[in-house]
$ cat entry_21.cif   # mmCIF, C-alpha atoms
data_data
loop_
_atom_site.label_atom_id
_atom_site.label_comp_id
_atom_site.auth_asym_id
_atom_site.auth_seq_id
_atom_site.Cartn_x
_atom_site.Cartn_y
_atom_site.Cartn_z
CA MET O 1 0.00 0.00 0.00
CA LYS O 2 1.48 3.38 -1.06
CA THR O 3 1.43 6.09 1.51
CA GLY O 4 1.30 9.78 0.76
CA PRO O 5 3.91 12.35 1.75
CA PRO O 6 4.09 13.38 5.39
CA PRO O 7 1.85 16.31 6.32
CA LEU O 8 3.47 19.72 6.28
CA HIS O 9 3.30 22.38 8.93
CA PRO O 10 0.51 24.86 8.18
CA GLY O 11 1.87 27.59 5.93
CA ALA O 12 4.91 25.50 4.77
CA ARG O 13 5.55 24.78 1.11
CA ARG O 14 6.72 21.50 -0.40
CA THR O 15 10.20 21.35 -1.83
CA PRO O 16 11.33 19.25 -4.79
CA GLY O 17 12.73 16.76 -2.29
CA ASP O 18 9.30 16.03 -0.78
CA ARG O 19 7.54 12.91 -1.93
CA GLY O 20 5.03 13.64 -4.62
CA GLY O 21 7.11 16.35 -6.34
CA PRO O 22 6.79 20.13 -6.32
CA PRO O 23 3.51 21.87 -7.06
CA LEU O 24 2.91 23.09 -10.54
CA PRO O 25 3.70 26.77 -11.18
CA GLY O 26 0.72 28.98 -10.46
CA THR O 27 -1.16 26.30 -8.53
CA ALA O 28 -1.52 25.81 -4.80
CA THR O 29 -0.44 22.65 -3.02
CA PRO O 30 -3.44 20.24 -3.01
CA PRO O 31 -4.86 19.67 0.47
CA ASP O 32 -4.72 16.34 2.17
CA GLU O 33 -7.92 14.60 1.08
CA THR O 34 -7.55 11.58 3.35
CA PRO O 35 -10.76 11.36 5.43
CA THR O 36 -10.57 10.82 9.14
CA PRO O 37 -11.76 7.46 10.49
CA GLY O 38 -15.55 7.30 10.68
CA GLU O 39 -16.06 10.25 8.35
CA THR O 40 -17.71 9.95 4.95
CA PRO O 41 -16.37 12.53 2.53
CA ALA O 42 -18.89 14.41 0.45
CA PRO O 43 -18.63 13.66 -3.25
CA GLY O 44 -16.49 16.11 -5.15
CA ARG O 45 -15.28 18.02 -2.08
CA SER O 46 -12.41 17.32 0.31
CA ALA O 47 -12.45 17.81 4.07
CA ALA O 48 -10.30 20.92 3.75
CA GLY O 49 -12.65 22.27 1.10
CA ARG O 50 -15.70 21.70 3.28
CA ALA O 51 -13.98 23.48 6.19
CA ALA O 52 -13.11 26.39 3.96
CA ALA O 53 -16.67 26.59 2.70
CA ALA O 54 -18.09 26.50 6.22
CA GLU O 55 -15.75 29.24 7.46
CA PRO O 56 -16.81 32.80 6.63
CA ALA O 57 -14.57 34.75 4.30
CA ARG O 58 -11.95 36.77 6.10
CA ARG O 59 -11.27 40.36 5.19
CA PRO O 60 -7.66 41.18 4.39
CA ALA O 61 -5.79 42.86 7.21
CA PRO O 62 -5.53 46.60 6.66
CA ALA O 63 -2.14 48.23 6.30
CA PRO O 64 -0.73 49.87 9.41
CA ALA O 65 -1.69 53.51 9.80
CA ASP O 66 1.90 54.68 10.11
CA GLY O 67 2.81 52.79 6.93
CA GLU O 68 -0.01 54.53 5.09
CA ASP O 69 1.19 57.89 6.34
CA ARG O 70 4.73 57.16 5.13
CA VAL O 71 3.45 56.23 1.69
CA THR O 72 1.33 59.38 1.60
CA ASP O 73 4.25 61.56 2.68
CA ALA O 74 6.41 60.09 -0.07
CA ALA O 75 3.68 60.77 -2.64
CA LEU O 76 3.35 64.38 -1.50
CA ARG O 77 7.04 65.17 -1.85
CA PRO O 78 7.87 67.31 -4.90
CA LYS O 79 10.26 65.72 -7.36
CA ASP O 80 12.11 68.82 -8.62
CA LEU O 81 12.96 72.37 -7.58
CA ASP O 82 10.14 73.83 -9.68
CA GLY O 83 7.57 71.90 -7.65
CA PHE O 84 9.12 72.79 -4.29
CA ILE O 85 7.05 75.48 -2.56
CA GLY O 86 8.64 78.11 -0.35
CA GLN O 87 12.29 78.72 0.57
CA GLU O 88 12.70 81.02 -2.42
CA ARG O 89 16.24 82.12 -1.59
CA VAL O 90 17.42 78.58 -0.91
CA ARG O 91 15.88 77.28 -4.13
CA GLU O 92 17.53 80.03 -6.18
CA GLN O 93 20.96 79.43 -4.67
CA LEU O 94 20.71 75.65 -4.90
CA ASP O 95 19.58 75.83 -8.51
CA LEU O 96 22.73 77.74 -9.43
CA VAL O 97 24.94 75.21 -7.65
CA LEU O 98 23.34 72.23 -9.40
CA ARG O 99 23.19 73.80 -12.87
CA ALA O 100 26.87 74.76 -12.70
CA ALA O 101 27.84 71.23 -11.65
CA ARG O 102 25.85 69.72 -14.52
CA ARG O 103 27.55 71.99 -17.05
CA ARG O 104 30.98 71.01 -15.71
CA GLY O 105 30.00 67.35 -15.77
CA ALA O 106 31.21 66.98 -12.18
CA ALA O 107 29.69 66.09 -8.84
CA ALA O 108 27.98 68.97 -7.05
CA ASP O 109 29.53 70.61 -4.00
CA HIS O 110 28.66 69.24 -0.59
CA VAL O 111 25.45 70.76 0.80
CA LEU O 112 24.45 71.34 4.43
CA LEU O 113 20.72 71.82 5.10
CA ALA O 114 20.04 73.41 8.48
CA GLY O 115 16.63 74.12 9.93
CA ALA O 116 13.82 72.93 12.15
CA PRO O 117 12.16 69.54 11.55
CA GLY O 118 9.52 69.34 8.86
CA LEU O 119 10.75 72.17 6.62
CA GLY O 120 11.80 69.97 3.67
CA LYS O 121 15.44 68.99 4.24
CA THR O 122 14.89 65.36 3.23
CA THR O 123 12.84 66.45 0.23
CA LEU O 124 15.62 68.76 -0.95
CA ALA O 125 18.17 65.95 -0.62
CA MET O 126 16.02 63.78 -2.90
CA ILE O 127 15.61 66.66 -5.33
CA ILE O 128 19.40 67.17 -5.46
CA ALA O 129 19.90 63.54 -6.46
CA ALA O 130 17.11 63.79 -9.05
CA GLU O 131 18.46 67.03 -10.54
CA MET O 132 21.96 65.53 -10.80
CA GLU O 133 20.51 62.25 -12.19
CA ALA O 134 22.55 60.38 -9.60
CA PRO O 135 21.67 57.55 -7.20
CA LEU O 136 20.83 58.47 -3.61
CA ARG O 137 22.27 56.72 -0.55
CA VAL O 138 20.44 57.48 2.72
CA THR O 139 21.81 57.02 6.25
CA SER O 140 21.78 58.93 9.52
CA GLY O 141 24.18 60.21 12.14
CA PRO O 142 23.00 57.91 14.97
CA ALA O 143 23.77 54.90 12.74
CA ILE O 144 27.43 55.95 12.39
CA GLN O 145 29.09 55.72 15.77
CA HIS O 146 32.46 54.30 14.70
CA PRO O 147 34.86 55.28 11.90
CA GLY O 148 34.52 51.76 10.51
CA ASP O 149 30.79 52.30 9.96
CA LEU O 150 31.48 55.41 7.92
CA ALA O 151 34.33 53.78 6.01
CA ALA O 152 32.02 50.95 4.95
CA VAL O 153 29.46 53.42 3.61
CA LEU O 154 32.01 55.57 1.79
CA ALA O 155 33.81 52.61 0.25
CA SER O 156 30.59 51.43 -1.41
CA LEU O 157 29.82 54.77 -3.12
CA THR O 158 29.97 55.14 -6.87
CA GLY O 159 31.13 58.15 -8.84
CA GLY O 160 28.75 61.11 -8.57
CA GLU O 161 26.51 59.40 -6.01
CA VAL O 162 24.63 61.56 -3.49
CA LEU O 163 25.04 60.53 0.16
CA PHE O 164 22.30 61.93 2.38
CA LEU O 165 23.33 61.97 6.04
CA ASP O 166 20.38 62.93 8.22
CA GLU O 167 20.99 64.26 11.75
CA ILE O 168 24.64 64.66 10.89
CA HIS O 169 25.31 66.42 14.21
CA ARG O 170 24.73 63.12 16.05
CA MET O 171 27.74 61.36 14.54
CA SER O 172 30.63 60.41 16.79
CA ARG O 173 33.64 62.74 16.83
CA PRO O 174 36.09 60.20 15.30
CA ALA O 175 33.63 59.60 12.45
CA GLU O 176 33.31 63.35 11.88
CA GLU O 177 37.07 63.67 11.60
CA MET O 178 37.18 60.89 9.02
CA LEU O 179 34.27 62.45 7.14
CA TYR O 180 35.74 65.90 6.57
CA LEU O 181 38.94 64.31 5.26
CA ALA O 182 36.89 62.26 2.82
CA MET O 183 34.89 65.33 1.77
CA GLU O 184 37.97 67.33 0.86
CA ASP O 185 40.49 64.77 -0.41
CA PHE O 186 38.11 61.91 -1.34
CA ARG O 187 40.24 59.56 0.70
CA VAL O 188 39.86 57.63 3.92
CA ASP O 189 42.64 56.25 6.08
CA ILE O 190 41.85 52.97 7.81
CA VAL O 191 44.01 51.55 10.59
CA GLY O 192 43.77 47.80 11.14
CA GLY O 193 45.14 45.80 14.02
CA THR O 194 46.61 47.00 17.28
CA GLY O 195 50.06 47.64 18.67
CA LEU O 196 52.98 46.51 16.54
CA ASP O 197 50.65 44.66 14.20
CA ALA O 198 48.70 47.82 13.27
CA THR O 199 48.71 48.70 9.58
CA ALA O 200 47.44 51.83 7.82
CA LEU O 201 45.48 51.59 4.60
CA SER O 202 44.60 54.57 2.44
CA LEU O 203 41.50 54.12 0.29
CA ASP O 204 40.75 56.47 -2.59
CA LEU O 205 37.11 57.39 -3.11
CA PRO O 206 35.28 58.47 -6.27
CA PRO O 207 33.92 62.04 -6.26
CA PHE O 208 30.57 62.15 -4.45
CA THR O 209 28.18 64.74 -3.04
CA LEU O 210 27.42 64.76 0.66
CA VAL O 211 24.10 66.29 1.73
CA GLY O 212 23.93 66.73 5.48
CA ALA O 213 20.77 67.67 7.37
CA THR O 214 20.79 69.04 10.89
CA VAL O 215 18.62 70.94 13.33
CA ARG O 216 21.65 72.06 15.36
CA SER O 217 24.47 73.08 13.06
CA GLY O 218 26.39 74.57 15.98
CA LEU O 219 27.15 71.05 17.23
CA LEU O 220 29.21 70.24 14.13
CA LEU O 221 32.97 70.49 14.33
CA PRO O 222 34.16 73.70 12.61
CA PRO O 223 36.44 71.80 10.18
CA LEU O 224 33.49 69.66 9.09
CA ARG O 225 31.15 72.64 8.77
CA ASP O 226 33.70 74.50 6.64
CA ARG O 227 33.95 71.62 4.16
CA PHE O 228 30.42 72.20 2.88
CA GLY O 229 30.42 74.26 -0.29
CA PHE O 230 26.86 75.47 0.26
CA THR O 231 24.88 75.88 3.47
CA ALA O 232 21.12 76.38 3.26
CA HIS O 233 19.31 77.84 6.26
CA MET O 234 15.68 76.73 6.11
CA GLU O 235 13.12 79.23 7.37
CA PHE O 236 9.61 78.71 8.70
CA TYR O 237 6.81 79.17 6.16
CA ASP O 238 4.35 82.03 6.19
CA PRO O 239 0.58 81.31 5.97
CA ALA O 240 0.37 82.15 2.27
CA GLU O 241 3.05 79.59 1.39
CA LEU O 242 1.39 76.98 3.58
CA GLU O 243 -1.92 77.57 1.80
CA ARG O 244 -0.18 76.69 -1.46
CA VAL O 245 1.21 73.55 0.18
CA VAL O 246 -2.26 72.56 1.40
CA HIS O 247 -3.86 73.12 -2.02
CA ARG O 248 -1.16 71.07 -3.74
CA SER O 249 -1.44 68.21 -1.25
CA ALA O 250 -5.24 68.26 -1.45
CA ARG O 251 -5.04 67.96 -5.22
CA LEU O 252 -2.71 64.95 -4.96
CA LEU O 253 -4.91 63.34 -2.29
CA GLU O 254 -8.05 64.07 -4.35
CA VAL O 255 -9.58 66.09 -1.53
CA GLN O 256 -12.06 68.85 -2.32
CA ILE O 257 -11.12 71.94 -0.32
CA ASP O 258 -12.11 75.57 -0.63
CA PRO O 259 -9.74 78.52 -0.03
CA ALA O 260 -11.22 79.24 3.41
CA GLY O 261 -10.64 75.64 4.51
CA ALA O 262 -7.04 75.71 3.26
CA ALA O 263 -6.43 78.98 5.10
CA GLU O 264 -7.82 77.50 8.32
CA ILE O 265 -5.44 74.52 8.12
CA ALA O 266 -2.46 76.68 7.13
CA GLY O 267 -3.03 79.06 10.04
CA ARG O 268 -2.74 76.19 12.55
CA SER O 269 0.28 74.45 10.99
CA ARG O 270 2.99 76.25 13.01
CA GLY O 271 4.81 77.36 9.87
CA THR O 272 5.75 73.77 8.96
CA PRO O 273 4.69 71.95 5.76
CA ARG O 274 4.91 68.53 7.42
CA ILE O 275 2.37 69.60 10.04
CA ALA O 276 0.15 71.11 7.34
CA ASN O 277 0.06 67.82 5.44
CA ARG O 278 -0.66 65.87 8.61
CA LEU O 279 -3.53 68.16 9.60
CA LEU O 280 -4.92 67.97 6.08
CA ARG O 281 -5.12 64.17 6.29
CA ARG O 282 -6.92 64.33 9.63
CA VAL O 283 -9.36 66.95 8.36
CA ARG O 284 -9.96 64.79 5.28
CA ASP O 285 -10.89 61.86 7.54
CA TYR O 286 -13.30 64.03 9.51
CA ALA O 287 -14.90 65.40 6.35
CA GLN O 288 -15.37 61.93 4.88
CA VAL O 289 -16.99 60.57 8.06
CA THR O 290 -19.16 63.47 9.23
CA ALA O 291 -19.74 65.50 6.07
CA ASP O 292 -19.84 65.11 2.30
CA GLY O 293 -16.05 65.04 1.97
CA VAL O 294 -15.67 68.74 1.11
CA VAL O 295 -13.30 70.64 3.43
CA THR O 296 -14.64 74.07 4.34
CA ARG O 297 -13.59 76.46 7.09
CA ARG O 298 -16.32 75.15 9.38
CA ILE O 299 -15.37 71.51 8.75
CA ALA O 300 -11.64 72.23 9.21
CA ALA O 301 -12.24 74.10 12.47
CA ALA O 302 -14.49 71.33 13.83
CA ALA O 303 -11.99 68.61 12.86
CA LEU O 304 -9.03 70.38 14.43
CA ARG O 305 -11.07 70.97 17.55
CA VAL O 306 -11.49 67.20 17.80
CA TYR O 307 -7.72 66.73 17.42
CA GLU O 308 -7.06 69.44 20.08
CA VAL O 309 -5.35 71.96 17.82
CA ASP O 310 -6.46 75.50 18.60
CA GLY O 311 -6.50 78.61 16.44
CA ARG O 312 -2.81 79.42 16.99
CA GLY O 313 -1.67 75.85 16.37
CA LEU O 314 -1.17 74.95 20.04
CA ASP O 315 -1.72 71.27 20.77
CA ARG O 316 -2.38 69.45 24.01
CA LEU O 317 1.23 69.55 25.22
CA ASP O 318 1.63 73.26 24.48
CA ARG O 319 -1.52 74.15 26.38
CA ALA O 320 -0.54 71.87 29.28
CA VAL O 321 2.80 73.64 29.63
CA LEU O 322 1.23 77.09 29.54
CA HIS O 323 -1.61 76.08 31.86
CA ALA O 324 0.85 74.75 34.46
CA LEU O 325 2.99 77.86 34.12
CA LEU O 326 0.02 80.20 34.56
CA LYS O 327 -2.14 78.36 37.07
CA LEU O 328 0.37 76.53 39.24
CA PHE O 329 3.29 78.94 39.23
CA ASP O 330 1.58 82.31 38.66
CA GLY O 331 3.46 82.83 35.42
CA GLY O 332 6.90 81.84 36.72
CA PRO O 333 9.79 81.90 36.87
CA VAL O 334 9.99 78.13 37.23
CA GLY O 335 12.70 75.62 36.39
CA LEU O 336 12.44 73.27 33.43
CA SER O 337 12.50 70.10 35.55
CA THR O 338 9.71 71.38 37.80
CA LEU O 339 7.63 72.40 34.80
CA ALA O 340 8.12 68.98 33.17
CA VAL O 341 7.01 67.18 36.33
CA ALA O 342 3.92 69.40 36.52
CA VAL O 343 2.79 68.36 33.01
CA GLY O 344 3.84 64.70 33.39
CA GLU O 345 6.45 64.75 30.61
CA GLU O 346 10.19 64.32 30.31
CA ARG O 347 12.19 67.53 30.46
CA GLU O 348 13.65 66.80 27.01
CA THR O 349 10.13 66.58 25.58
CA VAL O 350 9.18 69.96 27.03
CA ALA O 351 12.45 71.59 25.97
CA GLU O 352 12.63 70.20 22.43
CA VAL O 353 8.98 69.74 21.43
CA ALA O 354 6.91 72.41 23.16
CA GLU O 355 9.24 75.27 24.06
CA PRO O 356 10.63 76.19 20.59
CA PHE O 357 7.19 76.96 19.22
CA LEU O 358 6.01 78.71 22.39
CA VAL O 359 9.11 80.91 22.43
CA ARG O 360 8.75 81.68 18.73
CA GLU O 361 5.10 82.65 19.25
CA GLY O 362 6.04 84.96 22.13
CA LEU O 363 4.06 82.97 24.70
CA LEU O 364 6.98 81.82 26.84
CA ALA O 365 10.40 83.23 27.66
CA ARG O 366 13.55 81.61 28.96
CA THR O 367 15.38 83.58 31.63
CA PRO O 368 18.34 82.78 33.90
CA ARG O 369 15.87 82.27 36.75
CA GLY O 370 13.61 79.91 34.76
CA ARG O 371 10.65 79.92 32.38
CA ILE O 372 8.15 82.75 32.56
CA ALA O 373 4.87 83.40 30.79
CA THR O 374 4.56 86.51 28.66
CA PRO O 375 1.54 88.86 28.62
CA ALA O 376 0.53 87.23 25.32
CA ALA O 377 0.15 83.88 27.12
CA TRP O 378 -2.19 85.40 29.72
CA ALA O 379 -4.20 87.05 26.96
CA HIS O 380 -4.42 83.81 24.92
CA PHE O 381 -6.18 82.05 27.81
CA GLY O 382 -8.28 85.11 28.68
CA LEU O 383 -6.62 85.51 32.09
CA ALA O 384 -5.33 88.56 33.89
CA PRO O 385 -1.75 88.44 35.15
CA PRO O 386 -1.38 88.64 38.94
CA PRO O 387 -0.80 92.14 40.30
CA GLU O 388 2.79 93.02 40.99
CA PRO O 389 3.68 93.23 44.68
CA PRO O 390 3.89 96.82 45.92
CA ARG O 391 7.35 98.24 46.13
CA THR O 392 8.39 99.52 49.55
CA GLU O 393 10.87 102.33 49.74
CA PRO O 394 13.90 101.39 51.84
CA PRO O 395 14.55 103.63 54.83
CA GLU O 396 16.92 106.46 54.20
CA PRO O 397 20.38 105.49 55.50
CA HIS O 398 22.05 107.57 58.20
CA ARG O 399 25.03 109.57 57.19
CA ASN O 400 27.26 107.55 59.51
CA GLY O 401 26.16 104.08 58.39
CA ALA O 402 23.54 101.71 57.00
CA PRO O 403 20.00 101.51 58.42
CA ARG O 404 19.32 99.27 61.34
CA PRO O 405 17.07 96.21 60.97
CA ASP O 406 14.30 98.10 62.73
CA GLY O 407 14.72 101.03 60.36
CA SER O 408 16.72 103.27 62.70
CA ALA O 409 20.15 104.43 61.65
CA LEU O 410 23.32 103.06 63.09
CA GLY O 411 25.75 105.46 64.67
CA GLY O 412 23.08 108.06 65.43
CA SER O 413 22.91 110.30 68.48
CA ARG O 414 21.67 108.80 71.74
CA PRO O 415 19.96 110.46 74.66
CA GLY O 416 22.43 111.90 77.07
CA GLY O 417 25.02 112.92 74.52
CA ASP O 418 27.35 111.17 72.13
CA ARG O 419 28.51 107.86 73.66
CA SER O 420 29.90 106.28 70.55
CA ARG O 421 33.42 106.95 71.81
CA PRO O 422 34.84 105.94 75.14
#
$ encode --input "entry_21.cif" --output "structure tokens"
Amino acid sequence: MKTGPPPLHPGARRTPGDRGGPPLPGTATPPDETPTPGETPAPGRSAAGRAAAAEPARRPAPAPADGEDRVTDAALRPKDLDGFIGQERVREQLDLVLRAARRRGAAADHVLLAGAPGLGKTTLAMIIAAEMEAPLRVTSGPAIQHPGDLAAVLASLTGGEVLFLDEIHRMSRPAEEMLYLAMEDFRVDIVGGTGLDATALSLDLPPFTLVGATVRSGLLLPPLRDRFGFTAHMEFYDPAELERVVHRSARLLEVQIDPAGAAEIAGRSRGTPRIANRLLRRVRDYAQVTADGVVTRRIAAAALRVYEVDGRGLDRLDRAVLHALLKLFDGGPVGLSTLAVAVGEERETVAEVAEPFLVREGLLARTPRGRIATPAAWAHFGLAPPPEPPRTEPPEPHRNGAPRPDGSALGGSRPGGDRSRP
């Protein structure tokens, strides 16, 4: 009696070495049609087929939300300088650099992009590679903590390739020193072994273009910063530029939006295109669920109210910081650690996420004594600042000395004559 091949683990596939041979191309592995003892198989249908028929059809698992957002962000990125909105001065200067390099037939100068997150540094790096018709290699500073890591990346570059190094200020110092030598001389020196067995190897590199992105250019070593042929300082966007960004993104997302709705989203986007695109997606969801899908000013305002973004762009964390500063500490001054504990966040989160925007909006000020709320912060919440304590005039000092603790002068005349001297 011939026996069939041993059963496979669910989800496994048969290999050519399995008994019975491999499945035919384009066909699934036939299920095991051997009936269990005491069971009568239905004619024309196997046990696995009956189980599949009895089980309701399963809906495919949806893609993760963050994956969808990444795909959407990639689709919204402009592909050339003409489609890049805002940063007029940077675009003009960068266009000259790239056009001159193309006419020379050489790699473009190294470019440093400095600015706050969300202003388009990664998009510009992709545009540089596209304008130069060169491949793009992407890595980040935190991933390069040893010179060997950087040497491996540089050694694999091809001629004219664009290397995008995000968060370049977070590289290790030895890697930075190797990098600025490679930027200038297109050479890296690698030392292998230790002690008397150490050997030095010099590796020549093809010409390449380094594009570094940073939010804190002051943390770069001066020799590394000086090796960049062009430094672009990215500025925050004004509302008119953000309205253009919203209209362009809405057209790509096939969202109907009127000018008033775009202005409402742009006014709450904190001068950042990335935030504008994120708010547009959330407003789109609200409009599709609660309205007819058309984004108007009323729909945009109602949606952003649900997502806790107020008229000035303050979110939950911003309002929590200001509320603690105003209500708990009477406007300050208060230390950063104390303020972070009051809002239940890490001090780095308060200092790097909330404070930059609050300071830029004139709602919070940093002083040597701590954080204080400005009059604009009190007005934003409709509160009146506490009255200033009355100033008391110090007692007038006596001509012979400072005032006494009780206000009387030291060294003054006493009853019975002058007894200050023996």
$ residues_around --input "entry_21.cif" --residues "O:Lys121" --least-positions-apart "5" --cutoff "8 Å" --atoms "all atoms listed in the file" --output "list in words"
Leu113, Ala114, Gly115, Ala213 and Met234 of chain O
$ write_last_selection --input "entry_21.cif" --atoms "C-alpha atoms" --output "PDB file, keeping the file's coordinate frame"
ATOM      1  CA  LEU O 113      20.720  71.820   5.100  1.00  0.00           C
ATOM      2  CA  ALA O 114      20.040  73.410   8.480  1.00  0.00           C
ATOM      3  CA  GLY O 115      16.630  74.120   9.930  1.00  0.00           C
ATOM      4  CA  ALA O 213      20.770  67.670   7.370  1.00  0.00           C
ATOM      5  CA  MET O 234      15.680  76.730   6.110  1.00  0.00           C
TER       6      MET O 234
END
$ resolve_selection --input "entry_21.cif" --expression "the PyMOL selection byres ((chain O and resi 303) around 12)" --output "CSV table (one decimal) with C-alpha atoms, in the coordinates of the input"
chain,number,residue,atom,x,y,z
O,261,GLY,CA,-10.6,75.6,4.5
O,264,GLU,CA,-7.8,77.5,8.3
O,265,ILE,CA,-5.4,74.5,8.1
O,268,ARG,CA,-2.7,76.2,12.6
O,279,LEU,CA,-3.5,68.2,9.6
O,280,LEU,CA,-4.9,68.0,6.1
O,281,ARG,CA,-5.1,64.2,6.3
O,282,ARG,CA,-6.9,64.3,9.6
O,283,VAL,CA,-9.4,67.0,8.4
O,284,ARG,CA,-10.0,64.8,5.3
O,285,ASP,CA,-10.9,61.9,7.5
O,286,TYR,CA,-13.3,64.0,9.5
O,287,ALA,CA,-14.9,65.4,6.4
O,288,GLN,CA,-15.4,61.9,4.9
O,289,VAL,CA,-17.0,60.6,8.1
O,290,THR,CA,-19.2,63.5,9.2
O,291,ALA,CA,-19.7,65.5,6.1
O,295,VAL,CA,-13.3,70.6,3.4
O,296,THR,CA,-14.6,74.1,4.3
O,297,ARG,CA,-13.6,76.5,7.1
O,298,ARG,CA,-16.3,75.2,9.4
O,299,ILE,CA,-15.4,71.5,8.8
O,300,ALA,CA,-11.6,72.2,9.2
O,301,ALA,CA,-12.2,74.1,12.5
O,302,ALA,CA,-14.5,71.3,13.8
O,304,LEU,CA,-9.0,70.4,14.4
O,305,ARG,CA,-11.1,71.0,17.6
O,306,VAL,CA,-11.5,67.2,17.8
O,307,TYR,CA,-7.7,66.7,17.4
O,308,GLU,CA,-7.1,69.4,20.1
O,309,VAL,CA,-5.4,72.0,17.8
O,310,ASP,CA,-6.5,75.5,18.6
O,311,GLY,CA,-6.5,78.6,16.4
$ atom_distance --input "entry_21.cif" --atom1 "atom CA of O:Asp315" --atom2 "atom CA of O:Leu364"
15.0 Å
$ residues_around --input "entry_21.cif" --residues "O:Arg360" --least-positions-apart "5" --cutoff "12 Å" --atoms "all atoms listed in the file" --output "list in words"
Phe236, Arg270, Gly271, Arg312, Ala354, Glu355, Ala365, Arg366, Thr374 and Ala376 of chain O
$ write_last_selection --input "entry_21.cif" --atoms "C-alpha atoms" --output "PDB file, keeping the file's coordinate frame"
ATOM      1  CA  PHE O 236       9.610  78.710   8.700  1.00  0.00           C
ATOM      2  CA  ARG O 270       2.990  76.250  13.010  1.00  0.00           C
ATOM      3  CA  GLY O 271       4.810  77.360   9.870  1.00  0.00           C
ATOM      4  CA  ARG O 312      -2.810  79.420  16.990  1.00  0.00           C
ATOM      5  CA  ALA O 354       6.910  72.410  23.160  1.00  0.00           C
ATOM      6  CA  GLU O 355       9.240  75.270  24.060  1.00  0.00           C
ATOM      7  CA  ALA O 365      10.400  83.230  27.660  1.00  0.00           C
ATOM      8  CA  ARG O 366      13.550  81.610  28.960  1.00  0.00           C
ATOM      9  CA  THR O 374       4.560  86.510  28.660  1.00  0.00           C
ATOM     10  CA  ALA O 376       0.530  87.230  25.320  1.00  0.00           C
TER      11      ALA O 376
END
$ closest_residue --input "entry_21.cif" --among "O:Gly105, O:Ile85, O:Gly159, O:Leu383" --to "O:Ala240" --atoms "only C-alpha atoms"
O:Ile85
$ closest_residue --input "entry_21.cif" --among "O:Gly148, O:Gly120, O:Gly331, O:Pro386" --to "O:Gln87" --atoms "only C-alpha atoms"
O:Gly120
$ atom_distance --input "entry_21.cif" --atom1 "atom CA of O:Val111" --atom2 "atom CA of O:Thr231"
5.8 Å
$ residues_near_point --input "entry_21.cif" --point "(17.1, 80.9, 0.7)" --cutoff "8 Å" --atoms "all atoms listed in the file" --output "PyMOL selection string"
chain O and resi 87-93+232-235
$ write_last_selection --input "entry_21.cif" --atoms "C-alpha atoms" --output "JSON list (two decimals), in the coordinates of the input"
[["chain", "number", "residue", "atom", "x", "y", "z"],
["O", 87, "GLN", "CA", 12.29, 78.72, 0.57],
["O", 88, "GLU", "CA", 12.70, 81.02, -2.42],
["O", 89, "ARG", "CA", 16.24, 82.12, -1.59],
["O", 90, "VAL", "CA", 17.42, 78.58, -0.91],
["O", 91, "ARG", "CA", 15.88, 77.28, -4.13],
["O", 92, "GLU", "CA", 17.53, 80.03, -6.18],
["O", 93, "GLN", "CA", 20.96, 79.43, -4.67],
["O", 232, "ALA", "CA", 21.12, 76.38, 3.26],
["O", 233, "HIS", "CA", 19.31, 77.84, 6.26],
["O", 234, "MET", "CA", 15.68, 76.73, 6.11],
["O", 235, "GLU", "CA", 13.12, 79.23, 7.37]]
$ closest_residue --input "entry_21.cif" --among "O:Leu203, O:Ala340, O:Pro333, O:Ala75" --to "O:Thr367" --atoms "all atoms listed in the file"
O:Pro333
$ atom_distance --input "entry_21.cif" --atom1 "atom CA of O:Asp80" --atom2 "atom CA of O:Phe208"
20.1 Å
$ build_atoms --input "entry_21.cif" --residues "stretch 279-287 of chain O" --atoms "N, CA and C atoms" --output "short mmCIF file (atom, residue, chain, number, x, y, z; two decimals), keeping the file's coordinate frame"
data_model
loop_
_atom_site.label_atom_id
_atom_site.label_comp_id
_atom_site.auth_asym_id
_atom_site.auth_seq_id
_atom_site.Cartn_x
_atom_site.Cartn_y
_atom_site.Cartn_z
N LEU O 279 -2.21 67.64 9.24
CA LEU O 279 -3.53 68.16 9.60
C LEU O 279 -4.52 68.00 8.45
N LEU O 280 -4.03 68.14 7.22
CA LEU O 280 -4.92 67.97 6.08
C LEU O 280 -5.47 66.54 6.03
N ARG O 281 -4.63 65.55 6.31
CA ARG O 281 -5.12 64.17 6.29
C ARG O 281 -6.16 63.93 7.38
N ARG O 282 -5.94 64.52 8.55
CA ARG O 282 -6.92 64.33 9.63
C ARG O 282 -8.23 65.07 9.32
N VAL O 283 -8.14 66.23 8.74
CA VAL O 283 -9.36 66.95 8.36
C VAL O 283 -10.09 66.19 7.25
N ARG O 284 -9.33 65.61 6.33
CA ARG O 284 -9.96 64.79 5.28
C ARG O 284 -10.75 63.64 5.90
N ASP O 285 -10.17 62.96 6.89
CA ASP O 285 -10.89 61.86 7.54
C ASP O 285 -12.18 62.35 8.18
N TYR O 286 -12.11 63.49 8.86
CA TYR O 286 -13.30 64.03 9.51
C TYR O 286 -14.37 64.40 8.48
N ALA O 287 -13.94 65.00 7.37
CA ALA O 287 -14.90 65.40 6.35
C ALA O 287 -15.55 64.19 5.70
#
